[in-house]
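What follows is a single structure, written as structure tokens, with notes after it.
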Amino acid sequence: MLIEFSVGNYRSFKDKVTFSMVAAHLVSKDKEIDSNNVFVIDDRLSLLKSAAIYGANASGKSNLAKAMSFMKWFMINSSKETQSTEKINVEPFRLSVETESEPSYFEIVFLMHGKKYRYGFEVNKDKVVSEWLFYVPKVRETKLFERRDNYFSCAKIYQADGIQKITRQNALFLSVSAQFNVEIAENILIWLTNQLKIISGLNDEAYQQYTSQCISESTRKKNAIFKLIKKLDLGIGELDIQESESLDILRDAKNKIPKDTPKEVQTILNDLINTANSIELLLEKSGEKRVRSSVKTIHQKFDSNGILIGKESFDLKSHESEGTQKIFAISGLLVNSLQEGITLIIDEFDARLHPLISYKIVELFNNKSNRKNAQLIFMTHDTNLLTNKLFRRDQIWFTEKNRYGATDLYSLAEYKIRNDASFENDYIKGRYGAIPYIGNLSSFIEYHE
């Protein structure tokens, strides 16, 4: 479970922002929302099942998701996908002379196997400046390791003797430790890979294949995905997943090049297909046979009297709306998150979705039936969701640029407002900030006779 995430410039503390899924000590108007939207870890900690992040365009919402994605990637891959001289793909805050030369700071607090862990690092483009890992075995937080440049301090329980010497300056000690079978490090990266999913709602086509795999590999997930799509009123009666091996698809593509295509274009296309074909053959020889799925949606067909006479098959990508394609793409992630208790982060959540569908998806997480305590965190502009019928105040967050161009992140729980306040109306009126302040556009267009 995700508890907190922080990002910024550590030495310039005012530029560090922290997002938290810790439930605040507050009482909402609806006691049922308090019980449905929160789950208890122990006497000292309760977590939220969902959170929404609002803000104007260019206020930093997507940058928060990108920072999480970078941290996840760097934790998993820094030891194996970077060379010793390779630059780290991180960028400091460049609108202040105080921070442009400072390292970037990342920290995540999470629950794994019933224990609380706090892990973080500071990096610039050239090296890991510092790194730390703590956990709470019982009551007190205990150090597992700390690193400052090339100096390491490790607890015996971490069992990483000798690994310090082979850790490159542009690689994380945690990542290298996992490569050398340090159990704690391995478990953290497994948790990160399986339990924290971060996606963009604008680039969700890639997840259509993921949903198809869920349908093909698990009857339990298949039934849940089919049920979800039917309940969302898309007019789809059934789904038909047709699988083809990648090599078959490539051979078929070669045969489908139109005969009237110019010879130079045919040559280029054939070369590209042959290259891809060679890669697929190598993967097949290594035992990594890859499969691609085409998705057909089945609709009911009626005669002129409105009598059902059969079914019609549509291709998902060719015949269905972009909204329907998005729902199919994310349905596998939604179902998997709810069934496995995963934390799912979606940037641009509401893109191409009807407001009522967005509302219902959030309700799936804010529900007692979410027994695995899956968490949904999303960035959105959909003010239809800004209501005390759906959220507690501590579930609503805002991003806003300050006068110096830095992002400020804050929760609605910081405001003293009535329990029956209209979150949406007050937000649109600017009471909580985090909205664009647009000038008079009537003078923008000049009319000339």
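Naming works like this for the structure tokens: A, B, ... for the chains as they're shown, residue 1 at the start of each chain, ligands 1 onward in shown order.
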Discussion item. Env of region 326-338 of chain A: 6 Å cut, atoms = only C-alpha atoms, seq-sep filter 5 positions within chain, self excluded. Answer as a list of chain:residue names.
Written reply: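 Near neighbours after the sequence-gap exclusion: A:Tyr207, A:Gln208, A:Thr211, A:Ala374.
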Let's see if you can do this: from backbone DSSP, list all strand (DSSP E) residues in region 82-178 of chain A, as a short mmCIF file (atom, residue, chain, number, x, y, z; two decimals) with C-alpha atoms, in the first residue's frame.
data_model
loop_
_atom_site.label_atom_id
_atom_site.label_comp_id
_atom_site.auth_asym_id
_atom_site.auth_seq_id
_atom_site.Cartn_x
_atom_site.Cartn_y
_atom_site.Cartn_z
CA SER A 104 16.44 16.21 -7.10
CA TYR A 105 14.84 14.48 -4.15
CA PHE A 106 12.52 11.43 -4.24
CA GLU A 107 11.04 9.50 -1.33
CA ILE A 108 8.32 6.87 -1.03
CA VAL A 109 6.72 5.43 2.10
CA PHE A 110 4.84 2.15 1.69
CA LEU A 111 3.58 -0.99 3.42
CA MET A 112 5.06 -4.33 2.43
CA LYS A 115 5.77 -3.51 7.69
CA LYS A 116 6.26 0.17 6.92
CA TYR A 117 9.24 1.12 4.73
CA ARG A 118 10.68 4.54 3.85
CA TYR A 119 13.03 4.69 0.88
CA GLY A 120 14.47 7.65 -0.98
CA PHE A 121 17.38 9.14 -2.88
CA GLU A 122 18.86 12.39 -4.17
CA VAL A 123 20.31 12.46 -7.68
CA VAL A 128 23.41 9.40 -6.79
CA VAL A 129 24.18 12.00 -4.11
CA SER A 130 22.46 10.19 -1.25
CA GLU A 131 20.19 7.19 -0.66
CA TRP A 132 18.44 5.72 2.37
CA LEU A 133 16.19 2.86 3.45
CA PHE A 134 14.43 2.58 6.81
CA TYR A 135 11.68 0.31 8.10
CA VAL A 136 9.54 -0.20 11.20
CA THR A 142 15.16 1.38 12.07
CA LYS A 143 17.90 2.02 9.52
CA LEU A 144 18.61 -0.63 6.89
CA PHE A 145 21.15 1.47 5.01
CA GLU A 146 22.27 5.02 4.33
CA ARG A 147 24.53 6.27 1.56
CA ARG A 148 26.25 9.58 1.01
CA TYR A 151 30.13 6.22 1.82
CA PHE A 152 27.72 3.45 2.89
CA SER A 153 26.38 2.51 6.30
CA CYS A 154 24.46 -0.79 6.34
#
Worksheet entry | Counting only C-alpha atoms, the option among A:Lys360, A:Lys80, A:Lys49, A:Arg431 closest to Asp34 (chain A) | A:Lys49
Fill in: Near-region 181-183 of chain A list (8 Å; only C-alpha atoms; drop same-chain fewer than 5 positions) as a PyMOL selection string
chain A and resi 158-160
Worksheet entry | Non-local contacts of region 50-66 of chain A (9 Å; only C-alpha atoms; under 3 positions in same chain excluded) as a ChimeraX atom specification | /A:7,21,37-38,69-71,198-200,345-348,362,365-366,374-383,385-386,391,394-401,405-409,411,433-437
Discussion item. Could you check the closest approach to Val40 (chain A) for each of A:Lys372, A:Lys231, A:Arg393, A:Lys156 and tell me which residue wins, using only C-alpha atoms?
Written reply: A:Lys372
Worksheet, complete the sentence: In Å and to one decimal, CA of Ser177 (chain A) is distant from CA of Lys16 (chain A) by 27.7 Å
Practice prompt. Write out as a PyMOL selection string the residues lying within 8 Å of Asp126 (chain A), counting only C-alpha atoms and excluding same-chain residues fewer than 6 positions away.
Written response: chain A and resi 86-88+169-170
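When CA of Leu202 (chain A) is paired with CA of Ile361 (chain A), their separation reads 17.1 Å.
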Practice prompt. Please provide the set of residues having any atom within 10 Å of Phe302 (chain A), restricted to only C-alpha atoms, with same-chain residues fewer than 6 positions apart removed, written as number ranges by chain.
Written response: A: 308-312
